[in-house]
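Some notes on the structure that comes next.
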Amino acid sequence: MVQVKTYALPPTDLIPNSPHVLIHYPRLLEDLVKSPSFTPSAIYDTFARNGWYSQWIARYGPDQASHYHSAAHECMAVISGEGATIRFGVADASSDADGHENGGVEVQASLGDVFVLPAGVAHKTFRPRPDSIGLDFMAPEDENGKLVASPTEARAYFEQVKMTGAFMMMGAYPKGYEWDFMVGGEHKGRFPEVWNVSVPEADPVLGVDPEGLRGLWSNSAKKE
């Protein structure tokens with residue numbers, strides 16, 4: 001039986017968050033990522049089977065700006081490292097990692113964890129274990145800096161990414177969705193635009209199983 005944790009995150013002054021819950025599957029992919037033959041292409045395949053496509057791998061540093069995606073739901077899987085803190089639901093209030101709006105929730109992420117974030121939910125990854133010097137963002141791009149459109153090319157890229165022991169996550173989005181980077185306040189007065197992003201046809205790992213987002217998000221009414 002899959003362990004599932006959910007978090008309801010109401011809107012703040014600056015962050016829309018979502019009527020859909022944030023989903024956390026603790027250690028769901030732990031056996032996969034601990035395999036001696038593991039490469040990130042295995043995660044790519046898992047997500048792609050359910051209509052989600054990986055677009056990046058990030059190695060995290062001591063801090064990251066809190067942000068949200070206004071037009072796309074997101075999946076993040078921990079593929080390397082011991083752990084990190086992820087703060088969900090609030091905007092930064094200062095350059096200090098501890099400075100933020102009131103509210104939100106902090107989750108200790110571990111190897112093999114999977115998070116499914118509704119569009120609008122703010123997130124910030126910091127204090128990775130082991131320590132790392134800074135953010136390193138890796139993506140399958142062409143010579144013009146655009147993400148490659150071919151799944152074959154993208155998969156080949158992730159096949160060759162090496163695990164270093166640092167805290168790393170892999171990010172994916174439902175096919176056809178485009179993500180942006182909002183830090184808070186951009187949709188003030190227009191939160192329903194974010195809340196009404198359509199629900200994907202499948203969970204990135206559990207597919208159409210009602211234990212996943214298809215069940216957990218089914219009763220979340222659209223907001224006007």
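Identifiers in this document derive from the order of the structure tokens: chains are assigned A, B, ..., residues are numbered from 1 separately in each chain, and ligands are numbered from 1 in order of occurrence.
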Requested in this report: Enumerate the residues of region 65-169 of chain A with a DSSP assignment of strand (DSSP E or B), computed from the backbone, and present them as JSON, numbers by chain.
Outcome: {"A": [67, 68, 74, 75, 76, 77, 78, 79, 80, 83, 84, 85, 86, 87, 88, 92, 100, 105, 106, 107, 108, 109, 110, 114, 115, 116, 117, 123, 124, 125, 126, 127, 128, 129, 136, 137, 138, 141, 147, 168, 169]}
Requested in this report: With a distance cut-off of 9 Å and only C-alpha atoms, select the neighbouring residues of Met170 (chain A), excluding the residue or stretch itself and same-chain residues fewer than 5 positions from it, and output the selection as an MDAnalysis selection string.
Outcome: chainID A and resid 40 43:44 54:58 75:79
Go ahead and dump the residues you just picked, N, CA, C and O atoms, as a PDB file, in the first residue's frame.
ATOM      1  N   PRO A  40      18.823   8.452 -14.144  1.00  0.00           N
ATOM      2  CA  PRO A  40      17.567   9.218 -14.138  1.00  0.00           C
ATOM      3  C   PRO A  40      16.608   8.878 -15.278  1.00  0.00           C
ATOM      4  O   PRO A  40      15.431   9.224 -15.207  1.00  0.00           O
ATOM      5  N   ILE A  43      13.486   7.224 -14.041  1.00  0.00           N
ATOM      6  CA  ILE A  43      12.424   8.125 -13.573  1.00  0.00           C
ATOM      7  C   ILE A  43      11.703   8.735 -14.773  1.00  0.00           C
ATOM      8  O   ILE A  43      10.473   8.872 -14.770  1.00  0.00           O
ATOM      9  N   TYR A  44      12.480   9.117 -15.782  1.00  0.00           N
ATOM     10  CA  TYR A  44      11.876   9.658 -17.014  1.00  0.00           C
ATOM     11  C   TYR A  44      10.829   8.676 -17.547  1.00  0.00           C
ATOM     12  O   TYR A  44       9.706   9.067 -17.888  1.00  0.00           O
ATOM     13  N   SER A  54       9.777  14.690 -17.900  1.00  0.00           N
ATOM     14  CA  SER A  54      10.848  15.315 -17.128  1.00  0.00           C
ATOM     15  C   SER A  54      11.523  16.398 -17.954  1.00  0.00           C
ATOM     16  O   SER A  54      11.802  16.203 -19.141  1.00  0.00           O
ATOM     17  N   GLN A  55      11.794  17.538 -17.313  1.00  0.00           N
ATOM     18  CA  GLN A  55      12.429  18.649 -18.014  1.00  0.00           C
ATOM     19  C   GLN A  55      13.721  19.115 -17.364  1.00  0.00           C
ATOM     20  O   GLN A  55      14.465  19.865 -17.969  1.00  0.00           O
ATOM     21  N   TRP A  56      14.001  18.669 -16.142  1.00  0.00           N
ATOM     22  CA  TRP A  56      15.222  19.138 -15.492  1.00  0.00           C
ATOM     23  C   TRP A  56      15.632  18.223 -14.346  1.00  0.00           C
ATOM     24  O   TRP A  56      14.826  17.461 -13.823  1.00  0.00           O
ATOM     25  N   ILE A  57      16.897  18.337 -13.980  1.00  0.00           N
ATOM     26  CA  ILE A  57      17.440  17.809 -12.736  1.00  0.00           C
ATOM     27  C   ILE A  57      18.162  18.968 -12.068  1.00  0.00           C
ATOM     28  O   ILE A  57      18.889  19.718 -12.718  1.00  0.00           O
ATOM     29  N   ALA A  58      17.979  19.134 -10.764  1.00  0.00           N
ATOM     30  CA  ALA A  58      18.641  20.217 -10.038  1.00  0.00           C
ATOM     31  C   ALA A  58      19.426  19.645  -8.869  1.00  0.00           C
ATOM     32  O   ALA A  58      18.947  18.764  -8.160  1.00  0.00           O
ATOM     33  N   CYS A  75       5.759  17.804 -10.747  1.00  0.00           N
ATOM     34  CA  CYS A  75       6.170  16.665  -9.948  1.00  0.00           C
ATOM     35  C   CYS A  75       7.667  16.774  -9.695  1.00  0.00           C
ATOM     36  O   CYS A  75       8.442  17.080 -10.613  1.00  0.00           O
ATOM     37  N   MET A  76       8.089  16.543  -8.451  1.00  0.00           N
ATOM     38  CA  MET A  76       9.502  16.545  -8.100  1.00  0.00           C
ATOM     39  C   MET A  76       9.818  15.238  -7.388  1.00  0.00           C
ATOM     40  O   MET A  76       9.120  14.859  -6.441  1.00  0.00           O
ATOM     41  N   ALA A  77      10.876  14.559  -7.829  1.00  0.00           N
ATOM     42  CA  ALA A  77      11.306  13.306  -7.217  1.00  0.00           C
ATOM     43  C   ALA A  77      12.733  13.456  -6.719  1.00  0.00           C
ATOM     44  O   ALA A  77      13.604  13.956  -7.443  1.00  0.00           O
ATOM     45  N   VAL A  78      12.980  13.026  -5.479  1.00  0.00           N
ATOM     46  CA  VAL A  78      14.330  13.084  -4.907  1.00  0.00           C
ATOM     47  C   VAL A  78      15.112  11.878  -5.406  1.00  0.00           C
ATOM     48  O   VAL A  78      14.764  10.730  -5.101  1.00  0.00           O
ATOM     49  N   ILE A  79      16.182  12.133  -6.161  1.00  0.00           N
ATOM     50  CA  ILE A  79      16.918  11.043  -6.794  1.00  0.00           C
ATOM     51  C   ILE A  79      18.322  10.852  -6.235  1.00  0.00           C
ATOM     52  O   ILE A  79      19.000   9.887  -6.603  1.00  0.00           O
TER      53      ILE A  79
END
Please identify every residue of region 50-76 of chain A that has at least one atom no farther than 10 Å from an atom of region 195-199 of chain A, counting only C-alpha atoms, and for each give the shortest atom pair and the distance in Å to one decimal, arranged by chain then increasing number, as JSON lines.
{"residue": "A:Ser70", "atom": "CA", "partner": "A:Val197", "partner_atom": "CA", "distance": 8.2}
{"residue": "A:Ala71", "atom": "CA", "partner": "A:Val197", "partner_atom": "CA", "distance": 6.2}
{"residue": "A:Ala72", "atom": "CA", "partner": "A:Val197", "partner_atom": "CA", "distance": 7.0}
{"residue": "A:His73", "atom": "CA", "partner": "A:Val197", "partner_atom": "CA", "distance": 8.0}
Give me, as a Markdown table, the closest atom pair and its distance (Å, one decimal) for every residue of region 5-67 of chain A within a cut-off of 7 Å of region 121-143 of chain A, counting only C-alpha atoms, rows sorted by chain and rising number.
| residue | atom | partner | partner_atom | distance |
| --- | --- | --- | --- | --- |
| A:Ile15 | CA | A:Ala122 | CA | 6.7 |
| A:Pro16 | CA | A:Val121 | CA | 6.9 |
| A:Asn17 | CA | A:Val121 | CA | 4.0 |
| A:Ser18 | CA | A:Val121 | CA | 6.2 |
| A:Gln55 | CA | A:Ala139 | CA | 6.0 |
| A:Trp56 | CA | A:Ala139 | CA | 4.5 |
| A:Ile57 | CA | A:Met138 | CA | 5.1 |
| A:Ala58 | CA | A:Phe137 | CA | 4.5 |
| A:Arg59 | CA | A:Asp136 | CA | 5.0 |
| A:Tyr60 | CA | A:Leu135 | CA | 4.6 |
| A:Gly61 | CA | A:Gly134 | CA | 3.7 |
| A:Pro62 | CA | A:Arg127 | CA | 4.9 |
| A:Asp63 | CA | A:Phe126 | CA | 4.4 |
| A:Gln64 | CA | A:Lys124 | CA | 5.8 |
| A:Ala65 | CA | A:Lys124 | CA | 6.0 |
| A:Ser66 | CA | A:Lys124 | CA | 4.4 |
| A:His67 | CA | A:Ala122 | CA | 5.0 |
**Report entry** Coordinates-based distance that separates CA of Val21 (chain A) from CA of Gly184 (chain A) (Å, one decimal)
**Finding:**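 Between CA of Gly184 (chain A) and CA of Val21 (chain A) the gap is 19.1 Å.
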Report task. Would you work out the distance separating CA of Ser35 (chain A) from CA of Glu74 (chain A), expressed in Å to one decimal? Result ->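 Atom-to-atom, CA of Ser35 (chain A) to CA of Glu74 (chain A), that is 24.8 Å.
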Query raised in the report: Which value, in Å to one decimal, gives the distance between CA of Leu28 (chain A) and CA of Ala8 (chain A)?
Result: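 Interatomic distance, CA of Leu28 (chain A) to CA of Ala8 (chain A): 20.6 Å.
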Query raised in the report: Using only C-alpha atoms, which residues sit within 12 Å of region 105-107 of chain A once same-chain residues fewer than 3 positions away are excluded, as an MDAnalysis selection string?
Result: chainID A and resid 5:10 22:26 83:91 98 100:102 110 113:115 121:127
Query - All residues 12 Å or closer to Asp45 (chain A), only C-alpha atoms, same chain fewer than 3 positions away omitted, as a ChimeraX atom specification - result: /A:32,39-42,48-54,151-152,154-156,158-159,172,204-205
Report task. Going by DSSP on the backbone, which bits of region 27-131 of chain A are alpha helix (DSSP H)? Write them as a list of chain:residue names, please. Result -> A:Glu30, A:Asp31, A:Leu32, A:Val33, A:Ser41, A:Ala42, A:Ile43, A:Tyr44, A:Asp45, A:Thr46, A:Phe47, A:Ala48, A:Arg49
Pull N, CA and C atoms from the residues just selected and write them as a short mmCIF file (atom, residue, chain, number, x, y, z; two decimals), in the first residue's frame.
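Dumped everything to selection-v4.cif:
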data_model
loop_
_atom_site.label_atom_id
_atom_site.label_comp_id
_atom_site.auth_asym_id
_atom_site.auth_seq_id
_atom_site.Cartn_x
_atom_site.Cartn_y
_atom_site.Cartn_z
N GLU A 30 12.24 4.84 -3.59
CA GLU A 30 13.52 4.59 -2.93
C GLU A 30 14.23 3.37 -3.52
N ASP A 31 13.52 2.27 -3.70
CA ASP A 31 14.16 1.07 -4.24
C ASP A 31 14.72 1.32 -5.64
N LEU A 32 13.99 2.07 -6.44
CA LEU A 32 14.43 2.37 -7.81
C LEU A 32 15.72 3.19 -7.80
N VAL A 33 15.74 4.27 -7.02
CA VAL A 33 16.90 5.16 -7.06
C VAL A 33 18.11 4.59 -6.34
N SER A 41 17.09 8.19 -16.31
CA SER A 41 16.18 7.79 -17.38
C SER A 41 15.09 6.85 -16.87
N ALA A 42 15.36 6.13 -15.78
CA ALA A 42 14.34 5.25 -15.20
C ALA A 42 13.17 6.08 -14.65
N ILE A 43 13.49 7.22 -14.04
CA ILE A 43 12.42 8.12 -13.57
C ILE A 43 11.70 8.74 -14.77
N TYR A 44 12.48 9.12 -15.78
CA TYR A 44 11.88 9.66 -17.01
C TYR A 44 10.83 8.68 -17.55
N ASP A 45 11.17 7.40 -17.62
CA ASP A 45 10.25 6.38 -18.15
C ASP A 45 9.01 6.25 -17.29
N THR A 46 9.19 6.26 -15.96
CA THR A 46 8.06 6.14 -15.05
C THR A 46 7.06 7.27 -15.27
N PHE A 47 7.57 8.49 -15.32
CA PHE A 47 6.69 9.64 -15.52
C PHE A 47 6.04 9.62 -16.91
N ALA A 48 6.84 9.31 -17.93
CA ALA A 48 6.33 9.36 -19.31
C ALA A 48 5.19 8.37 -19.54
N ARG A 49 5.26 7.24 -18.87
CA ARG A 49 4.16 6.26 -19.01
C ARG A 49 2.83 6.85 -18.58
#
Query - Contacts of His69 (chain A) within 6 Å, only C-alpha atoms, excl. fewer than 5 positions in-chain, as a list in words - result: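 Using only C-alpha atoms, the neighbours found are Ala119, Gly120, Trp179, Asp180 and Phe181 of chain A.
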Report task. Skip Lys34 (chain A) itself and residues of its chain fewer than 4 positions away, then list as a list in words all residues within 9 Å of it, counting only C-alpha atoms. Result -> Leu29, Glu30, Phe38, Ile79, Ser80, Leu111 and Gly112 of chain A
Output of the above residues as a PDB file, in the first residue's frame, restricted to all heavy atoms:
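Saved the output as part16.pdb:
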ATOM      1  N   LEU A  29       9.913   5.953  -4.473  1.00  0.00           N
ATOM      2  CA  LEU A  29      10.834   5.457  -5.492  1.00  0.00           C
ATOM      3  C   LEU A  29      12.193   5.077  -4.912  1.00  0.00           C
ATOM      4  O   LEU A  29      13.180   4.975  -5.634  1.00  0.00           O
ATOM      5  CB  LEU A  29      11.011   6.516  -6.586  1.00  0.00           C
ATOM      6  CG  LEU A  29       9.738   6.933  -7.329  1.00  0.00           C
ATOM      7  CD1 LEU A  29      10.052   8.007  -8.360  1.00  0.00           C
ATOM      8  CD2 LEU A  29       9.077   5.737  -8.007  1.00  0.00           C
ATOM      9  N   GLU A  30      12.238   4.842  -3.589  1.00  0.00           N
ATOM     10  CA  GLU A  30      13.523   4.589  -2.930  1.00  0.00           C
ATOM     11  C   GLU A  30      14.233   3.369  -3.517  1.00  0.00           C
ATOM     12  O   GLU A  30      15.441   3.405  -3.790  1.00  0.00           O
ATOM     13  CB  GLU A  30      13.320   4.406  -1.429  1.00  0.00           C
ATOM     14  CG  GLU A  30      14.619   4.241  -0.666  1.00  0.00           C
ATOM     15  CD  GLU A  30      14.397   4.131   0.833  1.00  0.00           C
ATOM     16  OE1 GLU A  30      13.277   3.749   1.238  1.00  0.00           O
ATOM     17  OE2 GLU A  30      15.335   4.423   1.589  1.00  0.00           O
ATOM     18  N   PHE A  38      20.928   2.343 -11.385  1.00  0.00           N
ATOM     19  CA  PHE A  38      20.013   3.467 -11.582  1.00  0.00           C
ATOM     20  C   PHE A  38      20.628   4.585 -12.417  1.00  0.00           C
ATOM     21  O   PHE A  38      21.774   4.987 -12.208  1.00  0.00           O
ATOM     22  CB  PHE A  38      19.585   4.050 -10.242  1.00  0.00           C
ATOM     23  CG  PHE A  38      18.824   5.349 -10.361  1.00  0.00           C
ATOM     24  CD1 PHE A  38      17.517   5.356 -10.812  1.00  0.00           C
ATOM     25  CD2 PHE A  38      19.431   6.567 -10.056  1.00  0.00           C
ATOM     26  CE1 PHE A  38      16.811   6.547 -10.948  1.00  0.00           C
ATOM     27  CE2 PHE A  38      18.743   7.760 -10.179  1.00  0.00           C
ATOM     28  CZ  PHE A  38      17.428   7.748 -10.632  1.00  0.00           C
ATOM     29  N   ILE A  79      16.182  12.133  -6.161  1.00  0.00           N
ATOM     30  CA  ILE A  79      16.918  11.043  -6.794  1.00  0.00           C
ATOM     31  C   ILE A  79      18.322  10.852  -6.235  1.00  0.00           C
ATOM     32  O   ILE A  79      19.000   9.887  -6.603  1.00  0.00           O
ATOM     33  CB  ILE A  79      16.990  11.248  -8.323  1.00  0.00           C
ATOM     34  CG1 ILE A  79      17.735  12.538  -8.683  1.00  0.00           C
ATOM     35  CG2 ILE A  79      15.592  11.248  -8.932  1.00  0.00           C
ATOM     36  CD1 ILE A  79      17.985  12.694 -10.187  1.00  0.00           C
ATOM     37  N   SER A  80      18.773  11.741  -5.340  1.00  0.00           N
ATOM     38  CA  SER A  80      20.118  11.623  -4.794  1.00  0.00           C
ATOM     39  C   SER A  80      20.206  12.425  -3.500  1.00  0.00           C
ATOM     40  O   SER A  80      19.425  13.354  -3.283  1.00  0.00           O
ATOM     41  CB  SER A  80      21.160  12.135  -5.813  1.00  0.00           C
ATOM     42  OG  SER A  80      22.471  12.078  -5.296  1.00  0.00           O
ATOM     43  N   LEU A 111      15.464  10.635   0.227  1.00  0.00           N
ATOM     44  CA  LEU A 111      15.711   9.910  -1.008  1.00  0.00           C
ATOM     45  C   LEU A 111      14.506   9.055  -1.388  1.00  0.00           C
ATOM     46  O   LEU A 111      13.977   8.308  -0.559  1.00  0.00           O
ATOM     47  CB  LEU A 111      16.944   9.024  -0.838  1.00  0.00           C
ATOM     48  CG  LEU A 111      17.439   8.284  -2.083  1.00  0.00           C
ATOM     49  CD1 LEU A 111      17.918   9.263  -3.143  1.00  0.00           C
ATOM     50  CD2 LEU A 111      18.556   7.313  -1.720  1.00  0.00           C
ATOM     51  N   GLY A 112      14.075   9.171  -2.645  1.00  0.00           N
ATOM     52  CA  GLY A 112      12.943   8.410  -3.143  1.00  0.00           C
ATOM     53  C   GLY A 112      11.601   9.080  -2.976  1.00  0.00           C
ATOM     54  O   GLY A 112      10.590   8.586  -3.497  1.00  0.00           O
TER      55      GLY A 112
END
Query raised in the report: Out of A:Val116, A:Leu14, A:Leu206, A:Val2, which residue has the shortest atom-to-atom distance to Gly103 (chain A) when counting only C-alpha atoms?
Result: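 When distances to Gly103 (chain A) are compared using only C-alpha atoms, the smallest one comes from A:Leu14.
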Query - Option closest in space to Ala109 (chain A), from A:Tyr173, A:Phe167, A:Tyr68, A:Tyr157 [counting only C-alpha atoms] - result: A:Phe167
